[in-house]
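Raw input.cif, mmCIF, C-alpha atoms:
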```cif
data_input
loop_
_atom_site.label_atom_id
_atom_site.label_comp_id
_atom_site.auth_asym_id
_atom_site.auth_seq_id
_atom_site.Cartn_x
_atom_site.Cartn_y
_atom_site.Cartn_z
CA MET A 1456 66.93 59.21 158.17
CA SER A 1457 70.46 58.61 157.01
CA ALA A 1458 70.35 54.92 157.98
CA GLU A 1459 67.02 54.62 156.18
CA ASP A 1460 68.52 56.28 153.11
CA ALA A 1461 71.54 54.02 153.25
CA ASN A 1462 69.33 50.96 153.45
CA LEU A 1463 67.22 52.16 150.54
CA VAL A 1464 70.30 52.86 148.44
CA ARG A 1465 71.76 49.45 149.29
CA ARG A 1466 68.61 47.77 148.06
CA CYS A 1467 68.62 49.91 144.91
CA LEU A 1468 72.19 48.90 144.17
CA LYS A 1469 71.14 45.26 144.37
CA GLY A 1470 68.53 45.97 141.71
CA ASP A 1471 65.50 45.77 143.99
CA GLU A 1472 62.67 47.16 141.87
CA SER A 1473 60.49 48.22 144.78
CA ALA A 1474 63.41 50.14 146.31
CA ILE A 1475 64.09 51.92 143.03
CA HIS A 1476 60.41 52.82 142.77
CA ALA A 1477 60.40 54.08 146.36
CA LEU A 1478 63.45 56.25 145.82
CA VAL A 1479 62.03 57.77 142.65
CA GLU A 1480 58.70 58.42 144.29
CA ARG A 1481 60.32 60.01 147.29
CA PHE A 1482 62.40 62.54 145.39
CA GLN A 1483 60.46 63.08 142.18
CA SER A 1484 58.61 66.20 143.31
CA ASP A 1485 61.77 67.80 144.66
CA VAL A 1486 63.72 67.09 141.49
CA PHE A 1487 60.93 68.07 139.13
CA GLY A 1488 59.98 71.18 141.15
CA LEU A 1489 63.54 72.41 141.08
CA CYS A 1490 63.86 71.66 137.36
CA VAL A 1491 60.66 73.55 136.53
CA ARG A 1492 61.75 76.65 138.41
CA LEU A 1493 65.32 76.60 137.15
CA LEU A 1494 64.50 75.86 133.51
CA HIS A 1495 61.20 77.71 133.42
CA HIS A 1496 59.86 75.21 130.95
CA ARG A 1497 57.76 72.22 131.81
CA HIS A 1498 58.70 69.89 128.98
CA ASP A 1499 62.38 70.56 129.41
CA ALA A 1500 61.95 69.97 133.13
CA GLU A 1501 60.37 66.57 132.48
CA ASP A 1502 63.24 65.55 130.21
CA VAL A 1503 65.84 66.74 132.68
CA THR A 1504 64.06 64.98 135.55
CA GLN A 1505 64.32 61.68 133.71
CA GLU A 1506 67.95 62.34 132.93
CA VAL A 1507 68.63 63.23 136.56
CA PHE A 1508 67.16 59.98 137.85
CA LEU A 1509 69.13 57.94 135.33
CA ARG A 1510 72.29 59.71 136.44
CA ILE A 1511 71.43 59.25 140.10
CA PHE A 1512 71.13 55.50 139.67
CA ARG A 1513 74.24 55.27 137.53
CA SER A 1514 76.32 57.00 140.18
CA LEU A 1515 74.52 55.75 143.26
CA LYS A 1516 77.48 53.63 144.33
CA ARG A 1517 79.53 56.82 144.62
CA TRP A 1518 77.16 58.33 147.18
CA ASP A 1519 78.79 58.74 150.58
CA SER A 1520 76.43 57.09 153.05
CA GLN A 1521 77.74 59.35 155.81
CA ARG A 1522 76.11 62.31 154.11
CA PRO A 1523 72.44 63.07 153.61
CA LEU A 1524 70.96 61.82 150.35
CA LYS A 1525 68.70 64.72 149.47
CA PRO A 1526 71.39 67.42 149.02
CA TRP A 1527 73.38 64.98 146.89
CA ILE A 1528 70.38 64.43 144.63
CA MET A 1529 69.61 68.15 144.49
CA GLY A 1530 73.23 68.84 143.59
CA ILE A 1531 72.98 66.47 140.63
CA THR A 1532 69.73 68.16 139.63
CA VAL A 1533 71.27 71.64 139.72
CA ASN A 1534 74.23 70.48 137.64
CA ARG A 1535 72.03 68.82 135.03
CA CYS A 1536 69.83 71.92 134.80
CA ARG A 1537 72.89 74.12 134.36
CA THR A 1538 74.21 71.87 131.59
CA TRP A 1539 70.79 71.84 129.94
CA MET A 1540 70.54 75.63 130.14
CA SER A 1541 73.94 76.13 128.56
CA ALA A 1542 73.04 73.68 125.78
CA ARG A 1543 69.71 75.43 125.27
CA SER A 1544 71.36 78.81 125.02
CA LYS A 1545 73.41 77.49 122.09
CA ARG A 1546 70.27 76.48 120.20
CA PRO A 1547 68.67 79.64 118.84
CA GLU A 1548 65.52 77.90 117.68
CA LEU A 1549 64.70 77.01 121.27
CA ALA A 1550 64.91 80.57 122.52
CA ASN A 1551 61.20 80.94 121.84
CA TYR A 1552 60.49 78.35 124.49
CA LEU A 1553 61.07 80.88 127.21
CA HIS A 1554 58.96 83.60 125.65
CA GLU A 1555 56.19 81.18 125.01
CA THR A 1556 56.27 79.95 128.57
CA ALA A 1557 56.53 83.37 130.10
CA ALA A 1558 53.76 84.78 127.98
CA SER A 1559 51.32 81.94 128.32
CA LYS A 1560 49.44 81.51 131.49
CA PRO A 1561 50.03 78.09 133.01
CA ALA A 1562 46.96 76.24 134.16
CA ASP A 1563 48.10 76.08 137.77
CA ASP A 1564 48.66 79.84 138.14
CA SER A 1565 45.93 80.97 140.45
CA THR A 1566 46.80 84.56 141.03
CA GLU A 1567 48.62 87.36 139.41
CA LEU A 1568 50.91 87.57 142.41
CA VAL A 1569 52.09 84.02 141.88
CA ARG A 1570 52.75 84.74 138.23
CA GLU A 1571 54.72 87.85 139.09
CA ILE A 1572 56.78 85.97 141.66
CA LYS A 1573 57.57 83.23 139.14
CA SER A 1574 58.59 85.81 136.60
CA ALA A 1575 60.72 87.68 139.13
CA VAL A 1576 62.41 84.44 140.20
CA HIS A 1577 63.11 83.56 136.59
CA GLU A 1578 64.87 86.88 136.08
CA LEU A 1579 67.25 86.27 138.96
CA ARG A 1580 70.76 85.24 138.08
CA TRP A 1581 71.37 81.50 138.16
CA ASP A 1582 72.98 81.21 141.61
CA TYR A 1583 70.42 83.40 143.30
CA ARG A 1584 67.56 81.56 141.62
CA THR A 1585 68.94 78.19 142.70
CA VAL A 1586 69.21 79.08 146.38
CA PHE A 1587 65.89 80.94 146.37
CA VAL A 1588 63.98 77.99 144.91
CA MET A 1589 65.76 75.48 147.11
CA PHE A 1590 65.02 77.44 150.26
CA HIS A 1591 61.57 78.91 149.65
CA GLU A 1592 60.00 76.26 147.44
CA ARG A 1593 61.78 73.03 148.31
CA GLY A 1594 62.30 73.91 151.96
CA LEU A 1595 65.95 72.91 152.18
CA PRO A 1596 67.92 74.32 155.12
CA TYR A 1597 71.00 76.44 154.52
CA GLU A 1598 73.36 73.56 155.27
CA ASP A 1599 71.77 71.25 152.71
CA ILE A 1600 71.76 73.95 150.05
CA ALA A 1601 75.41 74.65 150.74
CA GLU A 1602 76.16 70.95 150.35
CA ALA A 1603 74.13 70.65 147.17
CA ILE A 1604 75.77 73.55 145.38
CA ASP A 1605 79.14 73.05 147.05
CA LYS A 1606 79.40 76.55 148.50
CA PRO A 1607 79.88 77.83 152.05
CA VAL A 1608 76.79 78.47 154.14
CA GLY A 1609 77.70 82.17 154.34
CA THR A 1610 77.63 82.44 150.56
CA VAL A 1611 74.23 80.76 150.45
CA LYS A 1612 72.86 83.23 153.01
CA THR A 1613 74.24 86.18 151.10
CA TRP A 1614 72.82 84.97 147.79
CA LEU A 1615 69.44 84.26 149.33
CA HIS A 1616 69.35 87.69 150.98
CA ARG A 1617 70.11 89.39 147.65
CA ALA A 1618 67.65 87.19 145.78
CA ARG A 1619 64.85 88.19 148.15
CA LEU A 1620 65.67 91.85 147.79
CA GLU A 1621 65.67 91.55 143.98
CA VAL A 1622 62.36 89.71 143.93
CA MET A 1623 60.79 92.26 146.28
CA GLU A 1624 62.12 95.10 144.19
CA ARG A 1625 60.63 93.52 141.09
CA LEU A 1626 57.28 93.12 142.84
CA ARG A 1627 57.46 96.74 143.91
CA GLN A 1628 58.18 97.88 140.36
CA ARG A 1629 55.23 95.85 139.09
CA GLY A 1630 52.99 97.57 141.58
CA MET A 1631 52.39 94.47 143.66
CA VAL A 1632 53.60 96.04 146.89
CA ASN A 1633 51.24 98.50 148.46
CA GLU A 1634 52.68 100.73 151.06
CA PHE A 1635 50.80 99.69 154.11
CA SER A 1636 51.76 99.01 157.64
CA PRO A 1637 52.53 95.32 157.68
CA GLN A 1638 51.65 92.98 160.46
CA VAL A 1639 55.04 92.55 161.97
CA GLY A 1640 56.09 89.19 163.37
CA GLU A 1641 53.77 87.01 161.32
CA MET B 69 66.01 100.54 166.23
CA ASN B 70 67.83 101.49 163.04
CA CYS B 71 67.47 100.33 159.43
CA PRO B 72 70.13 97.51 159.48
CA GLU B 73 68.59 96.03 162.63
CA CYS B 74 65.17 96.25 161.06
CA GLN B 75 66.40 94.48 157.91
CA ASP B 76 68.07 91.77 159.98
CA LEU B 77 64.74 91.11 161.64
CA LEU B 78 63.12 91.00 158.24
CA GLN B 79 65.58 88.38 156.98
CA GLN B 80 65.06 86.30 160.13
CA ARG B 81 61.35 86.44 159.54
CA MET B 82 61.79 85.30 155.95
CA ASP B 83 64.03 82.49 157.18
CA GLY B 84 61.02 81.24 159.12
CA GLU B 85 62.34 82.21 162.50
CA ALA B 86 59.89 83.57 165.04
CA THR B 87 60.58 87.24 165.54
CA PRO B 88 58.92 88.89 168.48
CA THR B 89 56.98 92.04 167.79
CA SER B 90 58.49 94.95 169.52
CA ASP B 91 57.45 98.53 170.05
CA ALA B 92 60.83 99.63 168.75
CA LEU B 93 60.26 97.86 165.43
CA GLU B 94 56.78 99.24 164.99
CA ARG B 95 57.99 102.70 165.85
CA HIS B 96 60.82 102.41 163.28
CA LEU B 97 58.45 101.16 160.59
CA SER B 98 56.09 104.03 161.19
CA GLU B 99 58.97 106.45 160.75
CA CYS B 100 61.00 104.82 157.92
CA SER B 101 59.20 104.45 154.60
CA ALA B 102 62.02 102.35 153.01
CA CYS B 103 61.86 99.73 155.75
CA ARG B 104 58.09 99.86 155.72
CA GLU B 105 58.13 99.12 152.01
CA LEU B 106 60.56 96.25 152.52
CA HIS B 107 58.42 94.70 155.22
CA SER B 108 55.38 95.10 153.06
CA GLY B 109 57.15 93.45 150.13
CA ALA B 110 58.34 90.60 152.33
CA THR B 111 54.82 89.97 153.58
CA ILE B 112 53.46 89.87 150.05
CA LEU B 113 56.30 87.64 148.87
CA LEU B 114 55.72 85.15 151.69
CA GLU B 115 52.00 85.10 150.95
CA GLY B 116 52.64 84.50 147.28
CA LEU B 117 55.13 81.72 147.99
CA LYS B 118 52.53 79.96 150.15
CA LYS B 119 50.08 80.09 147.24
CA MET B 120 52.66 78.88 144.73
CA PRO B 121 51.35 75.61 143.27
CA LEU B 122 53.76 72.70 143.31
CA PRO B 123 54.58 71.42 139.85
CA ARG B 124 53.29 67.89 139.50
CA LEU B 125 54.53 65.08 137.38
CA ALA B 126 52.38 62.49 135.66
CA PRO B 127 50.95 60.04 138.22
CA ASP B 128 52.72 57.05 136.70
CA PHE B 129 56.08 58.79 136.48
CA ALA B 130 57.67 56.69 139.23
CA ARG B 131 56.56 53.46 137.57
CA THR B 132 57.80 54.39 134.10
CA MET B 133 60.99 55.81 135.53
CA THR B 134 61.64 52.60 137.46
CA ALA B 135 61.19 50.55 134.28
CA GLU B 136 63.53 52.90 132.43
CA ILE B 137 66.15 52.68 135.17
CA LEU B 138 66.03 48.88 135.16
CA HIS B 139 66.29 48.85 131.37
CA ASP B 140 69.25 51.23 131.50
CA ARG B 141 70.86 49.03 134.12
CA ARG B 142 70.51 45.92 131.94
CA GLN B 143 71.86 47.77 128.92
CA ARG B 144 74.88 49.02 130.83
CA ARG B 145 75.63 45.55 132.14
CA ALA B 146 75.39 44.08 128.65
CA LYS B 147 77.64 46.84 127.36
CA MET B 148 80.17 46.16 130.09
CA GLY B 149 80.07 42.44 129.27
CA ARG B 150 80.68 43.19 125.61
CA ARG B 151 83.56 45.46 126.51
CA ILE B 152 85.21 42.76 128.62
CA LEU B 153 84.67 40.21 125.83
CA VAL B 154 86.23 42.51 123.24
CA THR B 155 89.21 43.20 125.50
CA VAL B 156 89.83 39.51 126.12
CA ALA B 157 89.45 38.74 122.41
CA MET B 158 91.91 41.46 121.48
CA ALA B 159 94.44 40.24 124.02
CA ALA B 160 94.09 36.69 122.73
CA SER B 161 94.54 37.92 119.15
CA VAL B 162 97.73 39.72 120.05
CA VAL B 163 99.14 36.60 121.74
CA LEU B 164 98.16 34.50 118.75
CA LEU B 165 99.80 36.94 116.35
CA LEU B 166 102.99 36.88 118.38
CA LEU B 167 103.02 33.09 118.36
CA LEU B 168 102.44 32.98 114.63
CA ALA B 169 105.15 35.56 114.05
CA TYR B 170 107.57 33.49 116.11
CA ARG B 171 106.63 30.39 114.17
CA TRP B 172 106.80 31.87 110.68
CA ILE B 173 109.52 34.52 110.71
CA PRO B 174 112.61 32.88 109.15
CA GLY B 175 115.51 32.49 111.56
CA ALA B 176 113.38 33.15 114.64
CA GLN B 177 113.72 29.52 115.68
CA LYS B 178 117.44 29.31 114.92
CA PRO B 179 119.04 27.38 117.78
CA HIS B 180 121.15 29.88 119.61
CA ALA B 181 123.44 28.60 122.32
CA PRO B 182 123.27 31.00 125.20
CA ASN B 183 126.53 32.68 125.87
CA PRO B 184 126.89 32.52 129.65
CA ILE B 185 127.83 35.86 131.09
CA PRO B 186 130.92 35.45 133.19
CA ASN B 187 130.57 36.62 136.74
CA PRO B 188 133.70 38.50 137.55
CA MET B 189 132.74 38.65 141.24
CA ALA B 190 132.97 34.89 141.53
CA HIS B 191 136.14 34.30 139.58
CA LYS B 192 138.44 36.44 137.65
CA PRO B 193 138.24 35.98 133.96
CA GLU B 194 141.18 34.26 132.52
CA PRO B 195 143.37 36.77 130.84
CA ALA B 196 143.04 36.15 127.20
CA PRO B 197 145.92 37.02 125.02
CA SER B 198 145.00 40.42 123.82
CA PRO B 199 145.81 40.85 120.23
CA PRO B 200 147.48 44.06 119.20
CA LYS B 201 144.94 46.69 118.53
CA GLN B 202 146.17 47.88 115.21
CA GLU B 203 147.03 44.52 113.83
CA THR B 204 143.94 42.72 114.82
CA PRO B 205 142.78 40.74 111.90
CA PRO B 206 139.25 41.49 111.01
CA PRO B 207 136.86 39.06 112.61
CA GLU B 208 135.79 36.26 110.47
CA PRO B 209 132.59 37.13 108.77
CA LYS B 210 129.69 35.55 110.50
CA PRO B 211 127.32 33.52 108.44
CA ALA B 212 125.02 35.94 106.77
CA PRO B 213 121.78 36.36 108.70
CA SER B 214 118.73 35.20 106.98
CA ASN B 215 117.16 38.63 106.99
CA ALA B 216 117.57 42.12 108.34
CA PHE B 217 115.41 41.51 111.37
CA THR B 218 117.48 38.53 112.53
CA LYS B 219 120.67 40.46 111.93
CA LEU B 220 119.48 43.33 114.08
CA THR B 221 118.29 41.15 116.96
CA ASP B 222 121.52 39.12 116.93
CA ARG B 223 123.58 42.26 117.01
CA LEU B 224 121.54 43.71 119.86
CA ALA B 225 121.86 40.51 121.87
CA ASP B 226 125.64 40.40 121.37
CA THR B 227 126.09 44.03 122.33
CA THR B 228 123.92 43.66 125.42
CA ARG B 229 125.80 40.58 126.54
CA ASP B 230 129.17 42.30 126.11
CA HIS B 231 128.09 45.38 128.00
CA ALA B 232 126.72 43.25 130.80
CA LYS B 233 130.24 42.02 131.45
CA VAL B 234 131.37 45.57 132.04
CA VAL B 235 128.46 46.33 134.32
CA LEU B 236 129.01 43.23 136.43
CA VAL B 237 132.64 44.05 136.89
CA GLY B 238 131.81 47.65 137.63
CA THR B 239 129.76 46.66 140.66
CA ASN B 240 132.97 45.63 142.35
CA LEU B 241 134.80 48.88 142.95
CA ASP B 242 138.10 47.21 143.74
CA ALA B 243 138.12 45.35 140.50
CA VAL B 244 137.23 48.31 138.41
CA GLU B 245 140.68 48.68 137.00
CA LYS B 246 140.34 45.16 135.72
CA LEU B 247 137.49 45.93 133.44
CA PRO B 248 137.72 43.39 130.69
CA VAL B 249 137.60 46.03 128.06
CA ASN B 250 140.29 44.32 126.14
CA GLU B 251 138.39 41.10 126.19
CA LEU B 252 135.42 42.58 124.49
CA PRO B 253 134.90 41.38 121.00
CA MET B 254 135.36 43.73 118.20
CA LEU B 255 132.94 46.59 118.35
CA ASP B 256 132.47 49.55 116.16
CA PRO B 257 135.31 51.99 116.75
CA SER B 258 132.88 54.71 117.80
CA VAL B 259 131.17 52.42 120.35
CA ARG B 260 134.50 51.28 121.66
CA GLU B 261 135.67 54.86 122.03
CA ALA B 262 132.51 55.86 123.87
CA GLY B 263 132.84 52.85 126.17
CA GLN B 264 136.40 53.79 126.93
CA GLU B 265 135.35 57.33 127.85
CA VAL B 266 132.64 56.00 130.15
CA SER B 267 135.00 53.57 131.84
CA ASP B 268 137.55 56.37 132.35
CA GLY B 269 134.87 58.46 134.00
CA VAL B 270 133.78 55.60 136.22
CA LEU B 271 137.38 54.99 137.20
CA THR B 272 137.81 58.59 138.37
CA VAL B 273 134.58 58.51 140.36
CA THR B 274 135.41 55.23 142.06
CA ARG B 275 138.89 56.41 142.99
CA THR B 276 137.51 59.58 144.54
CA THR B 277 134.82 57.62 146.37
CA ARG B 278 137.33 55.17 147.72
CA GLN B 279 139.55 58.00 148.93
CA ALA B 280 136.55 59.62 150.64
CA PHE B 281 135.63 56.37 152.38
CA ASN B 282 139.19 55.88 153.52
CA PHE B 283 139.28 59.42 154.88
CA PHE B 284 136.05 59.03 156.83
CA SER B 285 137.02 55.66 158.24
CA ARG B 286 140.31 57.15 159.37
CA GLU B 287 139.11 60.46 160.77
CA LEU B 288 135.73 59.64 162.22
CA PRO B 289 135.22 57.33 165.22
CA MET B 290 133.33 54.35 163.98
CA PRO B 291 131.04 52.46 166.42
CA ASP B 292 132.32 49.10 167.44
CA MET B 293 129.54 46.85 166.33
CA GLY B 294 131.04 43.85 168.09
CA GLU B 295 130.89 45.53 171.52
CA GLN B 296 127.40 46.87 171.02
CA LYS B 297 126.09 43.42 170.42
CA HIS B 298 127.23 42.42 173.87
#
```

Represent the structure of the file as structure tokens.
Amino acid sequence: MSAEDANLVRRCLKGDESAIHALVERFQSDVFGLCVRLLHHRHDAEDVTQEVFLRIFRSLKRWDSQRPLKPWIMGITVNRCRTWMSARSKRPELANYLHETAASKPADDSTELVREIKSAVHELRWDYRTVFVMFHERGLPYEDIAEAIDKPVGTVKTWLHRARLEVMERLRQRGMVNEFSPQVGE
Amino acid sequence: MNCPECQDLLQQRMDGEATPTSDALERHLSECSACRELHSGATILLEGLKKMPLPRLAPDFARTMTAEILHDRRQRRAKMGRRILVTVAMAASVVLLLLLAYRWIPGAQKPHAPNPIPNPMAHKPEPAPSPPKQETPPPEPKPAPSNAFTKLTDRLADTTRDHAKVVLVGTNLDAVEKLPVNELPMLDPSVREAGQEVSDGVLTVTRTTRQAFNFFSRELPMPDMGEQKH
């Protein structure tokens, strides 16, 4: 995979249009998915996704080909989302974005449970939310998450553990968890 | 099984690891309502995460993004080219300005015979008859410089050349006493005084250094380099 990534990046650096298209297509859902969950706003996520890809291609020559490409891209995404969030928090007129998004029901929400989980994830603190989304929604292993956010694997595990407990507690408070004997070992 | 062990199993399960069902776990869950609630919450959370729809971008996102990236790339290259052009143009302007200044500033082209700096290491300077300090007639006034700038540069060049004599002599420790201080042209009294103080200090240091070298060469066995070669 790494050799394939390196070859793709080499072609992108030469300005090969098909390679650029392939790289965008390969990582667009990961980048956009992470942006949507971290920013909790679809339009902002689209803007940040475009910005992320521009930044990726501007700094592609600085990518270390000995390392996997995906965590590097996800790291850039997390940083751009963090910058965007801090800029958004300084703009009071955009504060309504969040309320509007949280209150309205997105078209792809199929169940109340999904909506509650999204809401619970959004209320997590930034670090917990990042590792939770990366692990449970984007399927990144601990090592890749640690590389992306530049933290030790132990820290990632701790944050993920706490994030799960907070989400479960929120689901319990919202009456989503019935006390029943679960099927252990699913 | 206790609660921490039960919660470890729960985390492993949420990590996607296969956790074998055990009687001990089921027995603990039937007895501990807190752990039972946690397991129940974990099950519901995992179910909900499976149902979570993936956010999708517009179908032509990759195509538009590729065009935007290529456009950005062209723009950045053009910008870099402009930056290089501006830098080269500025450098050329500076060189041109310097040339023009050299050409137009009055007195800048005045033929100036270089005053060769005597090398005291090669030959000793001929002792010039030193005029008495107090009765030295004031130096003949030099022809008035054409402007203040020329005056300043001429003065700096003369001072530098005179001081270079002292430095060159100073590199030879044995000849340090023969510093041609007296041969220096007339300087400002304050500069002359400061130079004298410096040369006195250098004299003390070189004497002490020479004594130290003499002591070490006398007291310490020095390797015979001639024998070692054979």

Point to revise | Selection dump of the PyMOL selection byres ((chain B) within 10 of (chain A)), as a PyMOL selection string | key: chain B and resi 76-90+93-94+97-98+101-102+104-138+140-142+144

Axis-aligned box over every listed atom of region 158-170 of chain B, padded by 3 Å per side: centre and edges in Å to one decimal, as JSON?
```
{"center_x": 99.7, "center_y": 37.2, "center_z": 119.0, "size_x": 21.7, "size_y": 14.5, "size_z": 16.0}
```

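When CA of Trp1614 (chain A) is paired with CA of Gly1530 (chain A), their separation reads 16.7 Å.
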
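The coordinates place CA of Ser1544 (chain A) at 26.6 Å from CA of Pro1526 (chain A).
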
Review point. What does the distance from CA of Ala1603 (chain A) to CA of Pro1523 (chain A) come to in Å, to one decimal?
Key: 10.1 Å

I need region 1582-1611 of chain A from the structure I supplied, saved as a PDB file, in the first residue's frame with C-alpha atoms retained.
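As a result, part.pdb now contains:
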```pdb
ATOM      1  CA  ASP A1582      -9.998  15.427  21.373  1.00  0.00           C
ATOM      2  CA  TYR A1583     -12.467  12.752  22.371  1.00  0.00           C
ATOM      3  CA  ARG A1584     -14.672  13.511  19.383  1.00  0.00           C
ATOM      4  CA  THR A1585     -11.732  13.300  16.995  1.00  0.00           C
ATOM      5  CA  VAL A1586     -10.575   9.879  18.151  1.00  0.00           C
ATOM      6  CA  PHE A1587     -14.136   8.561  18.427  1.00  0.00           C
ATOM      7  CA  VAL A1588     -15.014   9.548  14.857  1.00  0.00           C
ATOM      8  CA  MET A1589     -11.699   8.354  13.484  1.00  0.00           C
ATOM      9  CA  PHE A1590     -12.032   4.969  15.142  1.00  0.00           C
ATOM     10  CA  HIS A1591     -15.742   4.200  14.962  1.00  0.00           C
ATOM     11  CA  GLU A1592     -16.731   5.972  11.764  1.00  0.00           C
ATOM     12  CA  ARG A1593     -13.577   6.095   9.659  1.00  0.00           C
ATOM     13  CA  GLY A1594     -12.222   2.773  10.912  1.00  0.00           C
ATOM     14  CA  LEU A1595      -8.671   3.937  11.571  1.00  0.00           C
ATOM     15  CA  PRO A1596      -6.583   1.734  13.871  1.00  0.00           C
ATOM     16  CA  TYR A1597      -5.102   3.152  17.055  1.00  0.00           C
ATOM     17  CA  GLU A1598      -1.657   3.550  15.509  1.00  0.00           C
ATOM     18  CA  ASP A1599      -2.923   5.610  12.580  1.00  0.00           C
ATOM     19  CA  ILE A1600      -5.005   7.828  14.841  1.00  0.00           C
ATOM     20  CA  ALA A1601      -1.993   8.383  17.066  1.00  0.00           C
ATOM     21  CA  GLU A1602       0.048   9.357  14.020  1.00  0.00           C
ATOM     22  CA  ALA A1603      -2.653  11.649  12.682  1.00  0.00           C
ATOM     23  CA  ILE A1604      -3.128  13.613  15.885  1.00  0.00           C
ATOM     24  CA  ASP A1605       0.497  13.263  16.970  1.00  0.00           C
ATOM     25  CA  LYS A1606      -0.245  11.669  20.333  1.00  0.00           C
ATOM     26  CA  PRO A1607       0.871   8.398  21.920  1.00  0.00           C
ATOM     27  CA  VAL A1608      -1.245   5.310  21.327  1.00  0.00           C
ATOM     28  CA  GLY A1609      -1.962   5.086  25.064  1.00  0.00           C
ATOM     29  CA  THR A1610      -3.469   8.563  25.034  1.00  0.00           C
ATOM     30  CA  VAL A1611      -5.648   7.651  22.069  1.00  0.00           C
TER      31      VAL A1611
END
```
